[in-house]
Amino acid sequence: MSQNIIDFTLDDAQLAASLQALTDLETQLSGLVAMSTEQRRKLARMGDKSEAFCRQTLSVLAQNPQVVPPSLKLAEAQADLAALDRLRPLVLRLQRLAERANDTEVALGSDVMRCALDGYALLKVSGRNQGLEGLRKELGTRFARSTRSTEDVPEPA
């Protein structure tokens, strides 16, 4: 009857250790930036094809310093590229972990929801003889359809 997609427990020690690991990670990666949607939207993006162009251009510029004015800040761009190369494996692992955590959250919630729905169905059938009708009705408010008042209905054009 009920589903059990996942058996997962998170004891106090695991939770404390995980929270501490996240705190340590946040401390180690304190240089990460947060941007608004507007800031992100305005940025030039380096996609896969652009990345090859960027790497090659920085390489050519590094090999020909006589054409590079100081205002170009080539060394900073090279440092950014090196940091990007070091950050990417971390981002991939964090994304995989976040995806698994999200999937686990959904699976746990689904297991709970399925059990609650099955239990509610049992209350509808056998709860009447057990003096549980009032509680079942209270639980049933979750399924009650709200009626729209005439104020909510738009006038015909």
# chains A, B, ... in the order shown; residues from 1 in each chain; ligands from 1
$ select_by_dssp --residues "stretch 4-91 of chain A" --states "alpha helix (DSSP H)" --output "ChimeraX atom specification"
/A:12-28,37-42,48-63,74-91
$ residues_around --residues "A:Ile5" --least-positions-apart "6" --cutoff "9 Å" --atoms "only C-alpha atoms" --output "list of chain:residue names"
A:Ala107, A:Leu108, A:Ser110, A:Asp111
$ write_last_selection --atoms "all heavy atoms" --output "PDB file, in the first residue's frame"
ATOM      1  N   ALA A 107      11.943  12.561  -2.362  1.00  0.00           N
ATOM      2  CA  ALA A 107      11.592  11.163  -2.073  1.00  0.00           C
ATOM      3  C   ALA A 107      11.048  11.024  -0.657  1.00  0.00           C
ATOM      4  O   ALA A 107      10.035  10.337  -0.437  1.00  0.00           O
ATOM      5  CB  ALA A 107      12.810  10.258  -2.273  1.00  0.00           C
ATOM      6  N   LEU A 108      11.685  11.668   0.309  1.00  0.00           N
ATOM      7  CA  LEU A 108      11.193  11.606   1.690  1.00  0.00           C
ATOM      8  C   LEU A 108       9.796  12.211   1.797  1.00  0.00           C
ATOM      9  O   LEU A 108       8.896  11.638   2.420  1.00  0.00           O
ATOM     10  CB  LEU A 108      12.164  12.324   2.635  1.00  0.00           C
ATOM     11  CG  LEU A 108      13.498  11.630   2.880  1.00  0.00           C
ATOM     12  CD1 LEU A 108      14.471  12.567   3.581  1.00  0.00           C
ATOM     13  CD2 LEU A 108      13.308  10.342   3.678  1.00  0.00           C
ATOM     14  N   SER A 110       7.619  12.526  -0.570  1.00  0.00           N
ATOM     15  CA  SER A 110       6.676  11.673  -1.287  1.00  0.00           C
ATOM     16  C   SER A 110       6.282  10.464  -0.447  1.00  0.00           C
ATOM     17  O   SER A 110       5.106  10.081  -0.408  1.00  0.00           O
ATOM     18  CB  SER A 110       7.280  11.220  -2.620  1.00  0.00           C
ATOM     19  OG  SER A 110       6.369  10.404  -3.316  1.00  0.00           O
ATOM     20  N   ASP A 111       7.262   9.844   0.230  1.00  0.00           N
ATOM     21  CA  ASP A 111       6.952   8.720   1.115  1.00  0.00           C
ATOM     22  C   ASP A 111       5.967   9.145   2.204  1.00  0.00           C
ATOM     23  O   ASP A 111       4.988   8.447   2.481  1.00  0.00           O
ATOM     24  CB  ASP A 111       8.223   8.169   1.774  1.00  0.00           C
ATOM     25  CG  ASP A 111       9.075   7.315   0.845  1.00  0.00           C
ATOM     26  OD1 ASP A 111       8.642   7.040  -0.298  1.00  0.00           O
ATOM     27  OD2 ASP A 111      10.190   6.935   1.265  1.00  0.00           O
TER      28      ASP A 111
END
$ closest_residue --among "A:Leu132, A:Leu123, A:Cys115, A:Leu25" --to "A:Val91" --atoms "only C-alpha atoms"
A:Leu25
$ closest_residue --among "A:Val106, A:Ala16, A:Leu117, A:Val112" --to "A:Phe143" --atoms "only C-alpha atoms"
A:Leu117
$ closest_residue --among "A:Pro70, A:Gly109, A:Pro65, A:Gly47" --to "A:Asn4" --atoms "only C-alpha atoms"
A:Gly109
$ residues_around --residues "A:Thr9" --least-positions-apart "4" --cutoff "12 Å" --atoms "only C-alpha atoms" --output "short mmCIF file (atom, residue, chain, number, x, y, z; two decimals) with C-alpha atoms, in the first residue's frame"
data_model
loop_
_atom_site.label_atom_id
_atom_site.label_comp_id
_atom_site.auth_asym_id
_atom_site.auth_seq_id
_atom_site.Cartn_x
_atom_site.Cartn_y
_atom_site.Cartn_z
CA ALA A 13 26.08 13.58 15.03
CA GLN A 14 25.76 13.37 11.23
CA LEU A 15 23.75 16.58 11.12
CA THR A 104 16.25 12.83 -1.34
CA GLU A 105 14.07 15.65 -0.02
CA LEU A 108 11.19 11.61 1.69
#
